[in-house]
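Source file: my_file_34.cif. Holds: mmCIF, N, CA and C atoms.
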data_data
loop_
_atom_site.group_PDB
_atom_site.id
_atom_site.type_symbol
_atom_site.label_atom_id
_atom_site.label_comp_id
_atom_site.auth_asym_id
_atom_site.auth_seq_id
_atom_site.Cartn_x
_atom_site.Cartn_y
_atom_site.Cartn_z
ATOM 1 N N MET G 338 0.839 -1.179 0.000
ATOM 2 C CA MET G 338 0.000 0.000 0.000
ATOM 3 C C MET G 338 0.885 1.244 0.000
ATOM 4 N N GLU G 339 0.584 2.179 -0.889
ATOM 5 C CA GLU G 339 1.376 3.407 -1.013
ATOM 6 C C GLU G 339 1.021 4.365 0.126
ATOM 7 N N ARG G 340 2.032 4.943 0.708
ATOM 8 C CA ARG G 340 1.824 5.900 1.786
ATOM 9 C C ARG G 340 1.631 7.293 1.185
ATOM 10 N N LEU G 341 0.537 7.948 1.543
ATOM 11 C CA LEU G 341 0.269 9.297 1.045
ATOM 12 C C LEU G 341 1.073 10.296 1.852
ATOM 13 N N ARG G 342 1.584 11.298 1.162
ATOM 14 C CA ARG G 342 2.375 12.327 1.829
ATOM 15 C C ARG G 342 1.653 13.653 1.680
ATOM 16 N N TYR G 343 1.658 14.445 2.759
ATOM 17 C CA TYR G 343 0.974 15.733 2.782
ATOM 18 C C TYR G 343 1.942 16.820 3.222
ATOM 19 N N GLU G 344 1.746 18.032 2.705
ATOM 20 C CA GLU G 344 2.537 19.171 3.150
ATOM 21 C C GLU G 344 1.921 19.708 4.444
ATOM 22 N N PRO G 345 2.598 20.644 5.130
ATOM 23 C CA PRO G 345 2.099 21.126 6.425
ATOM 24 C C PRO G 345 0.690 21.716 6.389
ATOM 25 N N PHE G 346 0.227 22.217 5.243
ATOM 26 C CA PHE G 346 -1.099 22.812 5.166
ATOM 27 C C PHE G 346 -2.166 21.807 4.733
ATOM 28 N N GLY G 347 -1.813 20.542 4.639
ATOM 29 C CA GLY G 347 -2.781 19.504 4.337
ATOM 30 C C GLY G 347 -2.946 19.184 2.868
ATOM 31 N N GLU G 348 -2.218 19.853 2.000
ATOM 32 C CA GLU G 348 -2.311 19.582 0.564
ATOM 33 C C GLU G 348 -1.528 18.313 0.255
ATOM 34 N N ARG G 349 -2.100 17.461 -0.562
ATOM 35 C CA ARG G 349 -1.428 16.217 -0.914
ATOM 36 C C ARG G 349 -0.252 16.507 -1.830
ATOM 37 N N LEU G 350 0.908 15.925 -1.528
ATOM 38 C CA LEU G 350 2.097 16.092 -2.357
ATOM 39 C C LEU G 350 2.032 15.167 -3.559
ATOM 40 N N ALA G 351 2.558 15.637 -4.670
ATOM 41 C CA ALA G 351 2.583 14.826 -5.882
ATOM 42 C C ALA G 351 3.611 13.716 -5.722
ATOM 43 N N SER G 352 3.266 12.574 -6.210
ATOM 44 C CA SER G 352 4.213 11.464 -6.145
ATOM 45 C C SER G 352 5.242 11.601 -7.261
ATOM 46 N N GLU G 353 6.280 10.790 -7.197
ATOM 47 C CA GLU G 353 7.353 10.888 -8.181
ATOM 48 C C GLU G 353 6.878 10.524 -9.583
ATOM 49 N N GLY G 354 5.827 9.738 -9.699
ATOM 50 C CA GLY G 354 5.353 9.287 -10.990
ATOM 51 C C GLY G 354 4.450 10.283 -11.696
ATOM 52 N N ASP G 355 4.056 11.351 -11.045
ATOM 53 C CA ASP G 355 3.167 12.326 -11.671
ATOM 54 C C ASP G 355 3.883 13.079 -12.773
ATOM 55 N N ALA G 356 3.091 13.675 -13.648
ATOM 56 C CA ALA G 356 3.644 14.407 -14.790
ATOM 57 C C ALA G 356 4.387 15.661 -14.329
ATOM 58 N N ALA G 357 5.392 16.033 -15.093
ATOM 59 C CA ALA G 357 6.174 17.241 -14.809
ATOM 60 C C ALA G 357 5.324 18.472 -15.147
ATOM 61 N N PRO G 358 5.636 19.624 -14.557
ATOM 62 C CA PRO G 358 4.880 20.835 -14.868
ATOM 63 C C PRO G 358 4.994 21.186 -16.349
ATOM 64 N N SER G 359 3.948 21.777 -16.889
ATOM 65 C CA SER G 359 3.946 22.105 -18.310
ATOM 66 C C SER G 359 4.893 23.267 -18.595
ATOM 67 N N ARG G 360 5.189 23.435 -19.861
ATOM 68 C CA ARG G 360 6.093 24.500 -20.301
ATOM 69 C C ARG G 360 5.483 25.875 -20.024
ATOM 70 N N VAL G 361 4.158 25.984 -20.185
ATOM 71 C CA VAL G 361 3.477 27.256 -19.942
ATOM 72 C C VAL G 361 3.587 27.652 -18.474
ATOM 73 N N SER G 362 3.417 26.687 -17.565
ATOM 74 C CA SER G 362 3.514 27.019 -16.147
ATOM 75 C C SER G 362 4.930 27.441 -15.770
ATOM 76 N N LYS G 363 5.931 26.854 -16.424
ATOM 77 C CA LYS G 363 7.310 27.277 -16.169
ATOM 78 C C LYS G 363 7.528 28.718 -16.619
ATOM 79 N N TYR G 364 6.979 29.065 -17.807
ATOM 80 C CA TYR G 364 7.105 30.439 -18.305
ATOM 81 C C TYR G 364 6.359 31.424 -17.410
ATOM 82 N N MET G 365 5.198 31.018 -16.929
ATOM 83 C CA MET G 365 4.430 31.889 -16.031
ATOM 84 C C MET G 365 5.187 32.096 -14.719
ATOM 85 N N LEU G 366 5.821 31.056 -14.222
ATOM 86 C CA LEU G 366 6.617 31.171 -13.005
ATOM 87 C C LEU G 366 7.768 32.147 -13.219
ATOM 88 N N TRP G 367 8.490 32.001 -14.321
ATOM 89 C CA TRP G 367 9.621 32.898 -14.608
ATOM 90 C C TRP G 367 9.141 34.330 -14.827
ATOM 91 N N ALA G 368 7.986 34.495 -15.469
ATOM 92 C CA ALA G 368 7.440 35.843 -15.680
ATOM 93 C C ALA G 368 7.060 36.479 -14.347
ATOM 94 N N GLY G 369 6.468 35.703 -13.458
ATOM 95 C CA GLY G 369 6.099 36.211 -12.139
ATOM 96 C C GLY G 369 7.319 36.597 -11.321
ATOM 97 N N ILE G 370 8.335 35.763 -11.366
ATOM 98 C CA ILE G 370 9.574 36.065 -10.634
ATOM 99 C C ILE G 370 10.225 37.322 -11.202
ATOM 100 N N GLY G 371 10.267 37.422 -12.521
ATOM 101 C CA GLY G 371 10.853 38.608 -13.159
ATOM 102 C C GLY G 371 10.081 39.871 -12.822
ATOM 103 N N LEU G 372 8.745 39.787 -12.846
ATOM 104 C CA LEU G 372 7.923 40.942 -12.495
ATOM 105 C C LEU G 372 8.142 41.357 -11.046
ATOM 106 N N PHE G 373 8.184 40.384 -10.143
ATOM 107 C CA PHE G 373 8.400 40.681 -8.725
ATOM 108 C C PHE G 373 9.721 41.413 -8.510
ATOM 109 N N TRP G 374 10.815 40.882 -9.044
ATOM 110 C CA TRP G 374 12.120 41.489 -8.819
ATOM 111 C C TRP G 374 12.263 42.816 -9.558
ATOM 112 N N SER G 375 11.553 42.972 -10.671
ATOM 113 C CA SER G 375 11.549 44.271 -11.355
ATOM 114 C C SER G 375 10.881 45.329 -10.486
ATOM 115 N N LEU G 376 9.766 44.960 -9.862
ATOM 116 C CA LEU G 376 9.089 45.894 -8.962
ATOM 117 C C LEU G 376 9.941 46.211 -7.734
ATOM 118 N N VAL G 377 10.619 45.213 -7.197
ATOM 119 C CA VAL G 377 11.507 45.460 -6.062
ATOM 120 C C VAL G 377 12.600 46.437 -6.456
ATOM 121 N N GLY G 378 13.221 46.220 -7.610
ATOM 122 C CA GLY G 378 14.266 47.124 -8.082
ATOM 123 C C GLY G 378 13.742 48.530 -8.311
ATOM 124 N N ALA G 379 12.549 48.654 -8.910
ATOM 125 C CA ALA G 379 11.971 49.975 -9.164
ATOM 126 C C ALA G 379 11.684 50.709 -7.853
ATOM 127 N N ILE G 380 11.183 49.994 -6.853
ATOM 128 C CA ILE G 380 10.900 50.625 -5.560
ATOM 129 C C ILE G 380 12.182 51.083 -4.884
ATOM 130 N N VAL G 381 13.209 50.243 -4.905
ATOM 131 C CA VAL G 381 14.481 50.608 -4.268
ATOM 132 C C VAL G 381 15.107 51.805 -4.986
ATOM 133 N N ILE G 382 15.104 51.802 -6.298
ATOM 134 C CA ILE G 382 15.683 52.922 -7.054
ATOM 135 C C ILE G 382 14.859 54.187 -6.839
ATOM 136 N N GLY G 383 13.527 54.048 -6.823
ATOM 137 C CA GLY G 383 12.679 55.205 -6.563
ATOM 138 C C GLY G 383 12.903 55.794 -5.184
ATOM 139 N N ARG G 384 13.065 54.929 -4.181
ATOM 140 C CA ARG G 384 13.354 55.413 -2.834
ATOM 141 C C ARG G 384 14.708 56.114 -2.786
ATOM 142 N N ALA G 385 15.679 55.611 -3.513
ATOM 143 C CA ALA G 385 17.003 56.236 -3.533
ATOM 144 C C ALA G 385 16.959 57.598 -4.216
ATOM 145 N N ILE G 386 16.157 57.713 -5.264
ATOM 146 C CA ILE G 386 16.078 58.981 -5.995
ATOM 147 C C ILE G 386 15.355 60.050 -5.183
ATOM 148 N N PHE G 387 14.241 59.662 -4.544
ATOM 149 C CA PHE G 387 13.413 60.643 -3.845
ATOM 150 C C PHE G 387 13.655 60.692 -2.342
ATOM 151 N N PHE G 388 14.781 60.152 -1.864
ATOM 152 C CA PHE G 388 15.075 60.145 -0.436
ATOM 153 C C PHE G 388 15.429 61.549 0.040
ATOM 154 N N GLU G 389 14.816 61.966 1.135
ATOM 155 C CA GLU G 389 15.130 63.250 1.744
ATOM 156 C C GLU G 389 15.892 62.981 3.041
ATOM 157 N N PRO G 390 17.148 63.391 3.141
ATOM 158 C CA PRO G 390 17.962 63.052 4.306
ATOM 159 C C PRO G 390 17.424 63.588 5.631
ATOM 160 N N GLY G 391 16.763 64.725 5.646
ATOM 161 C CA GLY G 391 16.324 65.312 6.905
ATOM 162 C C GLY G 391 14.952 64.881 7.355
ATOM 163 N N VAL G 392 14.351 63.890 6.709
ATOM 164 C CA VAL G 392 12.978 63.524 7.030
ATOM 165 C C VAL G 392 12.858 62.865 8.410
ATOM 166 N N PHE G 393 13.913 62.248 8.923
ATOM 167 C CA PHE G 393 13.842 61.568 10.203
ATOM 168 C C PHE G 393 14.455 62.366 11.342
ATOM 169 N N ASP G 394 14.811 63.628 11.135
ATOM 170 C CA ASP G 394 15.387 64.435 12.201
ATOM 171 C C ASP G 394 14.396 64.661 13.334
ATOM 172 N N ASP G 395 13.136 64.919 13.014
ATOM 173 C CA ASP G 395 12.125 65.119 14.045
ATOM 174 C C ASP G 395 11.929 63.863 14.876
ATOM 175 N N PHE G 396 11.959 62.716 14.243
ATOM 176 C CA PHE G 396 11.781 61.467 14.961
ATOM 177 C C PHE G 396 12.922 61.225 15.944
ATOM 178 N N SER G 397 14.144 61.558 15.561
ATOM 179 C CA SER G 397 15.277 61.329 16.466
ATOM 180 C C SER G 397 15.176 62.232 17.684
ATOM 181 N N ARG G 398 14.661 63.458 17.507
ATOM 182 C CA ARG G 398 14.466 64.341 18.672
ATOM 183 C C ARG G 398 13.393 63.791 19.602
ATOM 184 N N VAL G 399 12.308 63.299 19.048
ATOM 185 C CA VAL G 399 11.241 62.728 19.866
ATOM 186 C C VAL G 399 11.739 61.477 20.571
ATOM 187 N N ALA G 400 12.507 60.657 19.870
ATOM 188 C CA ALA G 400 13.055 59.446 20.489
ATOM 189 C C ALA G 400 14.017 59.795 21.610
ATOM 190 N N ALA G 401 14.801 60.840 21.449
ATOM 191 C CA ALA G 401 15.719 61.258 22.510
ATOM 192 C C ALA G 401 14.941 61.753 23.726
ATOM 193 N N LEU G 402 13.863 62.495 23.510
ATOM 194 C CA LEU G 402 13.034 62.964 24.634
ATOM 195 C C LEU G 402 12.380 61.798 25.379
ATOM 196 N N VAL G 403 11.890 60.824 24.627
ATOM 197 C CA VAL G 403 11.270 59.652 25.264
ATOM 198 C C VAL G 403 12.312 58.861 26.033
ATOM 199 N N LYS G 404 13.490 58.712 25.471
ATOM 200 C CA LYS G 404 14.564 57.973 26.152
ATOM 201 C C LYS G 404 14.966 58.705 27.434
ATOM 202 N N ALA G 405 15.051 60.033 27.358
ATOM 203 C CA ALA G 405 15.411 60.815 28.548
ATOM 204 C C ALA G 405 14.306 60.711 29.602
ATOM 205 N N ALA G 406 13.064 60.660 29.196
ATOM 206 C CA ALA G 406 11.965 60.560 30.147
ATOM 207 C C ALA G 406 11.907 59.185 30.809
ATOM 208 N N ILE G 407 12.244 58.141 30.064
ATOM 209 C CA ILE G 407 12.174 56.790 30.627
ATOM 210 C C ILE G 407 13.393 56.490 31.477
ATOM 211 N N PHE G 408 14.563 56.849 31.018
ATOM 212 C CA PHE G 408 15.787 56.511 31.735
ATOM 213 C C PHE G 408 16.256 57.723 32.436
#

What does this structure look like when you write it as structure tokens?
Amino acid sequence: MERLRYEPFGERLASEGDAAPSRVSKYMLWAGIGLFWSLVGAIVIGRAIFFEPGVFDDFSRVAALVKAAIF
């Protein structure tokens, strides 16, 4: 009798004899990965371009006041 294997969320795992993923699903996976990393790169570059160095100065003063009040 074949032992069924399940992943942690209860989904049945494919056995070794099952068919390999189709070519279209491989392309969709690569397209999704490429889109994700392209968006990550665009966000990082956009943050670098529009970064304002003095934006956190007020926060550091407030943090220093809170630290002085607690300690």

### Query
Where does DSSP see helix (DSSP H, G or I) in chain G, if you list the residues as number ranges by chain?
G: 360-386, 390-407

### Message
Between atom N of G:Phe396 and atom C of G:Ile382, what is the distance in Å, rounded to a tenth?
### Response
22.9 Å

### Query
Which value, in Å to one decimal, gives the distance between atom C of G:Leu376 and atom N of G:Phe388?
15.9 Å

Could you put an axis-aligned box around every listed atom of stretch 377-396 of chain G, padded by 5 Å on each side, and send me its centre and edge lengths in Å to one decimal, as lines of an AutoDock Vina configuration file?
center_x = 14.3
center_y = 55.3
center_z = 3.4
size_x = 17.3
size_y = 30.1
size_z = 35.1
